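The file start.pdb contains PDB, C-alpha atoms, pLDDT in the B column:
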ATOM      1  CA  MET M   1      14.916 -17.653  13.717  1.00 43.00           C
ATOM      2  CA  LYS M   2      13.832 -18.929  17.166  1.00 34.00           C
ATOM      3  CA  ASN M   3      14.263 -15.552  18.866  1.00 41.00           C
ATOM      4  CA  ILE M   4      12.305 -13.806  16.111  1.00 42.00           C
ATOM      5  CA  LYS M   5       9.323 -16.093  16.630  1.00 39.00           C
ATOM      6  CA  ARG M   6       9.425 -15.638  20.409  1.00 34.00           C
ATOM      7  CA  TYR M   7       9.542 -11.849  20.086  1.00 39.00           C
ATOM      8  CA  SER M   8       6.656 -11.849  17.608  1.00 39.00           C
ATOM      9  CA  ALA M   9       4.480 -13.827  20.000  1.00 34.00           C
ATOM     10  CA  PHE M  10       5.318 -11.419  22.813  1.00 32.00           C
ATOM     11  CA  ILE M  11       4.320  -8.397  20.714  1.00 39.00           C
ATOM     12  CA  LEU M  12       1.015  -9.933  19.679  1.00 36.00           C
ATOM     13  CA  SER M  13       0.088 -10.996  23.208  1.00 33.00           C
ATOM     14  CA  THR M  14       1.005  -7.841  25.085  1.00 33.00           C
ATOM     15  CA  GLY M  15       0.581  -5.059  22.542  1.00 40.00           C
ATOM     16  CA  ILE M  16       3.032  -2.206  22.121  1.00 39.00           C
ATOM     17  CA  MET M  17       6.126  -2.499  24.312  1.00 39.00           C
ATOM     18  CA  TRP M  18       8.105   0.526  23.179  1.00 41.00           C
ATOM     19  CA  SER M  19       8.983   3.360  25.502  1.00 39.00           C
ATOM     20  CA  SER M  20       8.791   6.987  24.385  1.00 40.00           C
ATOM     21  CA  GLN M  21       9.555  10.379  25.835  1.00 40.00           C
ATOM     22  CA  SER M  22       6.982  13.167  25.622  1.00 38.00           C
ATOM     23  CA  LEU M  23       8.129  16.403  24.030  1.00 39.00           C
ATOM     24  CA  ALA M  24       6.278  19.724  24.105  1.00 49.00           C
ATOM     25  CA  LEU M  25       6.682  20.165  20.353  1.00 84.00           C
ATOM     26  CA  PRO M  26       4.226  20.004  17.433  1.00 94.00           C
ATOM     27  CA  LEU M  27       4.402  17.409  14.670  1.00 97.00           C
ATOM     28  CA  THR M  28       7.258  18.309  12.317  1.00 96.00           C
ATOM     29  CA  ASN M  29       8.307  17.187   8.832  1.00 97.00           C
ATOM     30  CA  GLY M  30       5.305  14.944   8.305  1.00 97.00           C
ATOM     31  CA  ASN M  31       5.925  14.857   4.546  1.00 96.00           C
ATOM     32  CA  PHE M  32       9.652  14.060   4.959  1.00 97.00           C
ATOM     33  CA  ALA M  33      10.565  17.057   2.789  1.00 96.00           C
ATOM     34  CA  SER M  34      13.479  17.667   5.187  1.00 96.00           C
ATOM     35  CA  GLY M  35      14.637  14.073   5.180  1.00 97.00           C
ATOM     36  CA  PHE M  36      14.269  12.400   8.562  1.00 98.00           C
ATOM     37  CA  ALA M  37      14.567  15.627  10.575  1.00 97.00           C
ATOM     38  CA  GLY M  38      12.382  15.373  13.679  1.00 97.00           C
ATOM     39  CA  TRP M  39      12.147  11.565  13.489  1.00 98.00           C
ATOM     40  CA  SER M  40      13.880   8.803  15.464  1.00 98.00           C
ATOM     41  CA  GLY M  41      14.460   5.131  14.804  1.00 98.00           C
ATOM     42  CA  GLU M  42      14.987   1.821  16.581  1.00 98.00           C
ATOM     43  CA  VAL M  43      15.867  -1.643  15.293  1.00 98.00           C
ATOM     44  CA  ILE M  44      16.077  -5.141  16.730  1.00 98.00           C
ATOM     45  CA  ILE M  45      19.012  -7.301  15.650  1.00 97.00           C
ATOM     46  CA  ASP M  46      18.796 -11.100  15.953  1.00 96.00           C
ATOM     47  CA  PRO M  47      19.238 -12.760  18.453  1.00 95.00           C
ATOM     48  CA  ALA M  48      18.199  -9.773  20.606  1.00 95.00           C
ATOM     49  CA  THR M  49      14.537  -9.157  21.426  1.00 95.00           C
ATOM     50  CA  THR M  50      14.834  -5.571  22.640  1.00 96.00           C
ATOM     51  CA  PRO M  51      15.291  -2.468  20.445  1.00 97.00           C
ATOM     52  CA  THR M  52      18.391  -0.315  20.104  1.00 97.00           C
ATOM     53  CA  PRO M  53      18.588   3.250  18.710  1.00 97.00           C
ATOM     54  CA  ALA M  54      19.249   3.386  14.978  1.00 97.00           C
ATOM     55  CA  THR M  55      20.773   5.865  12.586  1.00 96.00           C
ATOM     56  CA  LEU M  56      18.204   6.724   9.920  1.00 98.00           C
ATOM     57  CA  THR M  57      20.222   5.502   6.943  1.00 96.00           C
ATOM     58  CA  THR M  58      20.017   2.872   4.223  1.00 94.00           C
ATOM     59  CA  PRO M  59      19.176   0.084   3.885  1.00 96.00           C
ATOM     60  CA  ASN M  60      16.653   0.282   6.731  1.00 98.00           C
ATOM     61  CA  TYR M  61      15.539   3.903   6.288  1.00 98.00           C
ATOM     62  CA  THR M  62      15.256   5.498   2.843  1.00 98.00           C
ATOM     63  CA  LEU M  63      13.354   8.370   1.242  1.00 97.00           C
ATOM     64  CA  ASN M  64      11.351   8.339  -1.992  1.00 94.00           C
ATOM     65  CA  THR M  65       8.644  10.398  -3.666  1.00 90.00           C
ATOM     66  CA  GLY M  66       5.999   8.836  -1.420  1.00 86.00           C
ATOM     67  CA  GLY M  67       7.739   9.698   1.845  1.00 97.00           C
ATOM     68  CA  ALA M  68       9.770   7.261   3.980  1.00 98.00           C
ATOM     69  CA  LEU M  69      10.441   3.569   3.391  1.00 98.00           C
ATOM     70  CA  LEU M  70      11.319   1.156   6.236  1.00 98.00           C
ATOM     71  CA  THR M  71      13.042  -2.098   5.202  1.00 98.00           C
ATOM     72  CA  THR M  72      14.186  -5.121   7.226  1.00 98.00           C
ATOM     73  CA  SER M  73      17.575  -6.668   6.420  1.00 97.00           C
ATOM     74  CA  PHE M  74      17.814  -9.950   8.328  1.00 96.00           C
ATOM     75  CA  LEU M  75      19.916 -11.831   5.772  1.00 95.00           C
ATOM     76  CA  THR M  76      22.468  -9.003   5.625  1.00 95.00           C
ATOM     77  CA  ASP M  77      22.904  -7.918   9.231  1.00 96.00           C
ATOM     78  CA  GLY M  78      20.236  -9.663  11.315  1.00 97.00           C
ATOM     79  CA  ILE M  79      17.889  -6.651  11.543  1.00 98.00           C
ATOM     80  CA  TYR M  80      14.387  -8.127  11.570  1.00 97.00           C
ATOM     81  CA  ASN M  81      12.441  -5.276  13.198  1.00 98.00           C
ATOM     82  CA  VAL M  82      12.539  -1.624  12.074  1.00 98.00           C
ATOM     83  CA  ARG M  83      10.673   1.212  13.760  1.00 98.00           C
ATOM     84  CA  LEU M  84      10.316   4.937  12.958  1.00 98.00           C
ATOM     85  CA  PHE M  85       8.687   7.304  15.462  1.00 98.00           C
ATOM     86  CA  GLN M  86       8.156  10.889  16.546  1.00 98.00           C
ATOM     87  CA  ASP M  87       6.983  12.236  19.921  1.00 97.00           C
ATOM     88  CA  PHE M  88       5.012  15.484  19.849  1.00 97.00           C
ATOM     89  CA  ASN M  89       2.034  17.390  21.239  1.00 97.00           C
ATOM     90  CA  ILE M  90      -1.254  17.435  19.360  1.00 97.00           C
ATOM     91  CA  PRO M  91      -2.425  21.067  19.132  1.00 95.00           C
ATOM     92  CA  THR M  92      -5.277  22.332  21.260  1.00 96.00           C
ATOM     93  CA  LEU M  93      -8.487  23.471  19.561  1.00 96.00           C
ATOM     94  CA  THR M  94      -8.790  27.169  18.774  1.00 94.00           C
ATOM     95  CA  SER M  95     -12.532  26.761  19.437  1.00 94.00           C
ATOM     96  CA  PRO M  96     -14.377  23.984  21.295  1.00 93.00           C
ATOM     97  CA  LEU M  97     -16.668  23.599  18.264  1.00 94.00           C
ATOM     98  CA  ASN M  98     -13.800  22.769  15.891  1.00 95.00           C
ATOM     99  CA  THR M  99     -12.512  19.312  14.967  1.00 96.00           C
ATOM    100  CA  LEU M 100      -9.040  17.805  14.429  1.00 97.00           C
ATOM    101  CA  ALA M 101      -8.084  15.200  11.835  1.00 98.00           C
ATOM    102  CA  LEU M 102      -4.879  13.229  11.289  1.00 98.00           C
ATOM    103  CA  ASN M 103      -4.097  12.382   7.666  1.00 98.00           C
ATOM    104  CA  LEU M 104      -1.484   9.912   6.437  1.00 98.00           C
ATOM    105  CA  SER M 105      -0.760   7.267   3.820  1.00 98.00           C
ATOM    106  CA  VAL M 106       0.540   3.824   4.812  1.00 98.00           C
ATOM    107  CA  GLY M 107       1.437   0.803   2.695  1.00 97.00           C
ATOM    108  CA  TRP M 108       3.528  -2.331   3.146  1.00 97.00           C
ATOM    109  CA  THR M 109       4.938  -5.417   1.435  1.00 97.00           C
ATOM    110  CA  LEU M 110       5.252  -8.587   3.537  1.00 97.00           C
ATOM    111  CA  SER M 111       6.845 -11.827   2.326  1.00 95.00           C
ATOM    112  CA  ASN M 112       4.886 -13.925   4.840  1.00 94.00           C
ATOM    113  CA  PRO M 113       1.673 -12.015   5.672  1.00 93.00           C
ATOM    114  CA  THR M 114      -0.423 -14.928   6.977  1.00 91.00           C
ATOM    115  CA  GLY M 115      -0.074 -17.997   9.153  1.00 85.00           C
ATOM    116  CA  ARG M 116       1.822 -18.688  12.344  1.00 82.00           C
ATOM    117  CA  ASN M 117       4.751 -16.358  13.050  1.00 87.00           C
ATOM    118  CA  SER M 118       3.744 -14.185  10.105  1.00 95.00           C
ATOM    119  CA  ASP M 119       5.450 -10.916   9.246  1.00 97.00           C
ATOM    120  CA  PHE M 120       3.577  -7.782  10.257  1.00 95.00           C
ATOM    121  CA  ALA M 121       3.460  -4.019   9.900  1.00 98.00           C
ATOM    122  CA  SER M 122       1.794  -1.409  12.084  1.00 98.00           C
ATOM    123  CA  ALA M 123       1.125   2.302  12.427  1.00 98.00           C
ATOM    124  CA  LEU M 124       0.043   3.546  15.846  1.00 98.00           C
ATOM    125  CA  LEU M 125      -0.761   6.776  17.655  1.00 98.00           C
ATOM    126  CA  GLU M 126      -0.061   6.351  21.379  1.00 98.00           C
ATOM    127  CA  ASP M 127      -1.074   8.664  24.211  1.00 97.00           C
ATOM    128  CA  THR M 128       2.110   8.764  26.273  1.00 94.00           C
ATOM    129  CA  GLY M 129       0.126   9.660  29.400  1.00 92.00           C
ATOM    130  CA  SER M 130      -2.318   6.733  29.254  1.00 93.00           C
ATOM    131  CA  PRO M 131      -2.849   3.305  27.607  1.00 93.00           C
ATOM    132  CA  LEU M 132      -4.897   4.947  24.817  1.00 95.00           C
ATOM    133  CA  LEU M 133      -3.937   3.730  21.323  1.00 97.00           C
ATOM    134  CA  LEU M 134      -5.252   4.496  17.837  1.00 98.00           C
ATOM    135  CA  ASP M 135      -4.554   1.983  15.056  1.00 98.00           C
ATOM    136  CA  LEU M 136      -3.550   3.876  11.889  1.00 98.00           C
ATOM    137  CA  THR M 137      -2.308   0.865   9.910  1.00 96.00           C
ATOM    138  CA  GLY M 138      -4.875   1.272   7.130  1.00 93.00           C
ATOM    139  CA  GLY M 139      -3.914   4.893   6.503  1.00 97.00           C
ATOM    140  CA  GLY M 140      -6.451   7.594   5.595  1.00 98.00           C
ATOM    141  CA  THR M 141      -8.117  10.270   7.731  1.00 98.00           C
ATOM    142  CA  PHE M 142      -8.715   9.829  11.458  1.00 98.00           C
ATOM    143  CA  ASP M 143     -10.765  12.003  13.808  1.00 98.00           C
ATOM    144  CA  ILE M 144      -8.456  12.947  16.696  1.00 98.00           C
ATOM    145  CA  THR M 145     -10.564  15.751  18.187  1.00 97.00           C
ATOM    146  CA  SER M 146     -10.609  13.976  21.559  1.00 97.00           C
ATOM    147  CA  TRP M 147      -6.794  13.850  21.461  1.00 97.00           C
ATOM    148  CA  ALA M 148      -6.389  17.654  21.348  1.00 97.00           C
ATOM    149  CA  GLY M 149      -3.615  18.839  23.683  1.00 96.00           C
ATOM    150  CA  LYS M 150      -2.281  15.336  24.397  1.00 96.00           C
ATOM    151  CA  SER M 151       1.371  14.289  24.340  1.00 97.00           C
ATOM    152  CA  VAL M 152       1.632  11.418  21.862  1.00 97.00           C
ATOM    153  CA  SER M 153       4.011   9.133  20.026  1.00 97.00           C
ATOM    154  CA  LEU M 154       3.399   8.334  16.349  1.00 98.00           C
ATOM    155  CA  SER M 155       5.169   5.141  15.320  1.00 98.00           C
ATOM    156  CA  PHE M 156       5.573   2.904  12.266  1.00 98.00           C
ATOM    157  CA  LEU M 157       6.968  -0.612  12.443  1.00 98.00           C
ATOM    158  CA  VAL M 158       7.701  -3.554  10.163  1.00 98.00           C
ATOM    159  CA  GLN M 159       8.856  -6.978  11.363  1.00 98.00           C
ATOM    160  CA  ASP M 160      10.226  -9.892   9.332  1.00 97.00           C
ATOM    161  CA  ASN M 161       9.759 -13.393  10.739  1.00 94.00           C
ATOM    162  CA  ALA M 162      10.576 -15.347   7.556  1.00 91.00           C
ATOM    163  CA  GLY M 163      14.071 -14.089   6.727  1.00 92.00           C
ATOM    164  CA  ILE M 164      12.993 -12.200   3.586  1.00 94.00           C
ATOM    165  CA  ALA M 165      13.061  -8.396   3.487  1.00 96.00           C
ATOM    166  CA  ASP M 166       9.767  -6.644   4.257  1.00 98.00           C
ATOM    167  CA  THR M 167       8.915  -2.976   3.784  1.00 98.00           C
ATOM    168  CA  LEU M 168       6.579  -0.292   5.121  1.00 98.00           C
ATOM    169  CA  GLN M 169       5.934   2.976   3.260  1.00 98.00           C
ATOM    170  CA  VAL M 170       4.576   6.079   5.028  1.00 98.00           C
ATOM    171  CA  GLY M 171       4.030   9.688   3.974  1.00 97.00           C
ATOM    172  CA  GLY M 172       1.701  12.661   3.793  1.00 97.00           C
ATOM    173  CA  ILE M 173       1.364  12.974   7.571  1.00 98.00           C
ATOM    174  CA  GLY M 174      -0.468  16.079   8.745  1.00 97.00           C
ATOM    175  CA  ILE M 175      -2.946  17.391  11.299  1.00 97.00           C
ATOM    176  CA  THR M 176      -5.727  19.747  10.202  1.00 96.00           C
ATOM    177  CA  GLU M 177      -8.251  21.701  12.245  1.00 96.00           C
ATOM    178  CA  THR M 178     -11.694  22.247  10.746  1.00 95.00           C
ATOM    179  CA  VAL M 179     -13.279  25.537  11.810  1.00 93.00           C
ATOM    180  CA  VAL M 180     -16.994  25.424  12.553  1.00 87.00           C
ATOM    181  CA  ASN M 181     -18.743  28.767  11.989  1.00 80.00           C
ATOM    182  CA  ASN M 182     -21.959  29.242  13.955  1.00 69.00           C
ATOM    183  CA  ASN M 183     -23.194  31.792  11.430  1.00 65.00           C
ATOM    184  CA  ASN M 184     -23.396  29.064   8.816  1.00 56.00           C
ATOM    185  CA  THR M 185     -25.297  26.615  10.984  1.00 36.00           C
ATOM    186  CA  VAL M 186     -28.274  25.076   9.160  1.00 36.00           C
ATOM    187  CA  PRO M 187     -31.587  25.878  10.994  1.00 35.00           C
ATOM    188  CA  GLU M 188     -33.268  23.055  12.864  1.00 37.00           C
ATOM    189  CA  PRO M 189     -36.608  21.745  11.420  1.00 40.00           C
ATOM    190  CA  THR M 190     -38.568  23.630  14.099  1.00 34.00           C
ATOM    191  CA  GLY M 191     -36.884  26.875  13.134  1.00 35.00           C
ATOM    192  CA  LEU M 192     -37.661  26.294   9.464  1.00 36.00           C
ATOM    193  CA  MET M 193     -41.327  25.747  10.286  1.00 37.00           C
ATOM    194  CA  ILE M 194     -41.570  29.004  12.232  1.00 34.00           C
ATOM    195  CA  PHE M 195     -39.786  30.831   9.416  1.00 38.00           C
ATOM    196  CA  GLY M 196     -42.264  29.427   6.864  1.00 42.00           C
ATOM    197  CA  ILE M 197     -45.295  30.434   8.944  1.00 38.00           C
ATOM    198  CA  SER M 198     -43.910  33.954   9.283  1.00 41.00           C
ATOM    199  CA  LEU M 199     -43.533  34.247   5.524  1.00 40.00           C
ATOM    200  CA  LEU M 200     -47.147  33.138   4.991  1.00 43.00           C
ATOM    201  CA  ALA M 201     -48.391  35.696   7.517  1.00 45.00           C
ATOM    202  CA  LEU M 202     -46.468  38.498   5.803  1.00 41.00           C
ATOM    203  CA  ARG M 203     -47.822  37.474   2.393  1.00 45.00           C
ATOM    204  CA  LYS M 204     -51.391  37.425   3.699  1.00 42.00           C
ATOM    205  CA  LYS M 205     -50.961  40.880   5.247  1.00 42.00           C
ATOM    206  CA  TYR M 206     -49.524  42.188   1.947  1.00 40.00           C
ATOM    207  CA  LEU M 207     -52.505  40.869  -0.043  1.00 40.00           C
ATOM    208  CA  VAL M 208     -55.052  42.369   2.367  1.00 42.00           C
ATOM    209  CA  ASN M 209     -53.428  45.789   2.294  1.00 49.00           C
ATOM    210  CA  LYS M 210     -53.223  45.661  -1.494  1.00 50.00           C
TER     211      LYS M 210
END
Kindly present the structure from the file in structure tokens form.
Amino acid sequence: MKNIKRYSAFILSTGIMWSSQSLALPLTNGNFASGFAGWSGEVIIDPATTPTPATLTTPNYTLNTGGALLTTSFLTDGIYNVRLFQDFNIPTLTSPLNTLALNLSVGWTLSNPTGRNSDFASALLEDTGSPLLLDLTGGGTFDITSWAGKSVSLSFLVQDNAGIADTLQVGGIGITETVVNNNNTVPEPTGLMIFGISLLALRKKYLVNK
């Protein structure tokens, strides 16, 4: 397991080391309804410390009702690092007032989650044109308005450093744009005050005329 430990230390000290190619395409198949269409994979097989392209098949890549499941298989074939990723373009805003949000669910099971040379899992959004990274490991909803129009790589990774299979589950990936309508904007306090004074003036005028 010496090479596994060395690779783990390198990842933790230098951050993401994967290379990706930008594609002028939108996010596709975020719910994995079409299997792994639109997705790519890479694995690292002991004693290597660099990734090689992978076919998205069992036991390392499987589908279930929750989406996609990544599983290491060191004891079977030496695969201790499994990665799933997709390169795409985040859509531009249809209006500068609107907002963009990325939604996803992420979960994992690690046999050795703490201590030195612990197993780990990650979910990252990477701007392929700059060092900008967004940690998505906790899952949920993330504001990506400032990422509009960027070429990005969305990646999920699980690494086993103890020799026992680890898993990462991901699903429900989608990008939504919230439309902001100026006509529904709530008046500022100053505007409300002026509106109230106007109503009082009209009421007073009505009572005098009556």
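Applied to this file, the PyMOL selection byres ((chain M and resi 44) around 6) selects the residues Val43, Ile45, Pro51, Ile79 and Asn81 of chain M.
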Go ahead and save the picked residues with C-alpha atoms, as a PDB file, in the coordinates of the input.
ATOM      1  CA  VAL M  43      15.867  -1.643  15.293  1.00 98.00           C
ATOM      2  CA  ILE M  45      19.012  -7.301  15.650  1.00 97.00           C
ATOM      3  CA  PRO M  51      15.291  -2.468  20.445  1.00 97.00           C
ATOM      4  CA  ILE M  79      17.889  -6.651  11.543  1.00 98.00           C
ATOM      5  CA  ASN M  81      12.441  -5.276  13.198  1.00 98.00           C
TER       6      ASN M  81
END
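Atom CA of M:Asp143 lies 10.7 Å from atom CA of M:Thr178.
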Pick from M:Leu154, M:Ala165, M:Leu110, M:Ala33 nearest to M:Gly66, counting all atoms listed in the file: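 So, comparing all the options, the nearest one is M:Ala33.
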Among the residues M:Asn29, M:Thr76, M:Thr167, M:Thr176, the one that comes closest to M:Asn103 [using only C-alpha atoms]: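 Distance minimum relative to M:Asn103 lands on M:Thr176.
Note that atom CA of M:Ser111 and atom CA of M:Thr65 are 23.1 Å apart.
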Residues returned when the PyMOL selection byres ((chain M and resi 26) around 6) runs on this file, as number ranges by chain: M: 25, 27, 88-89
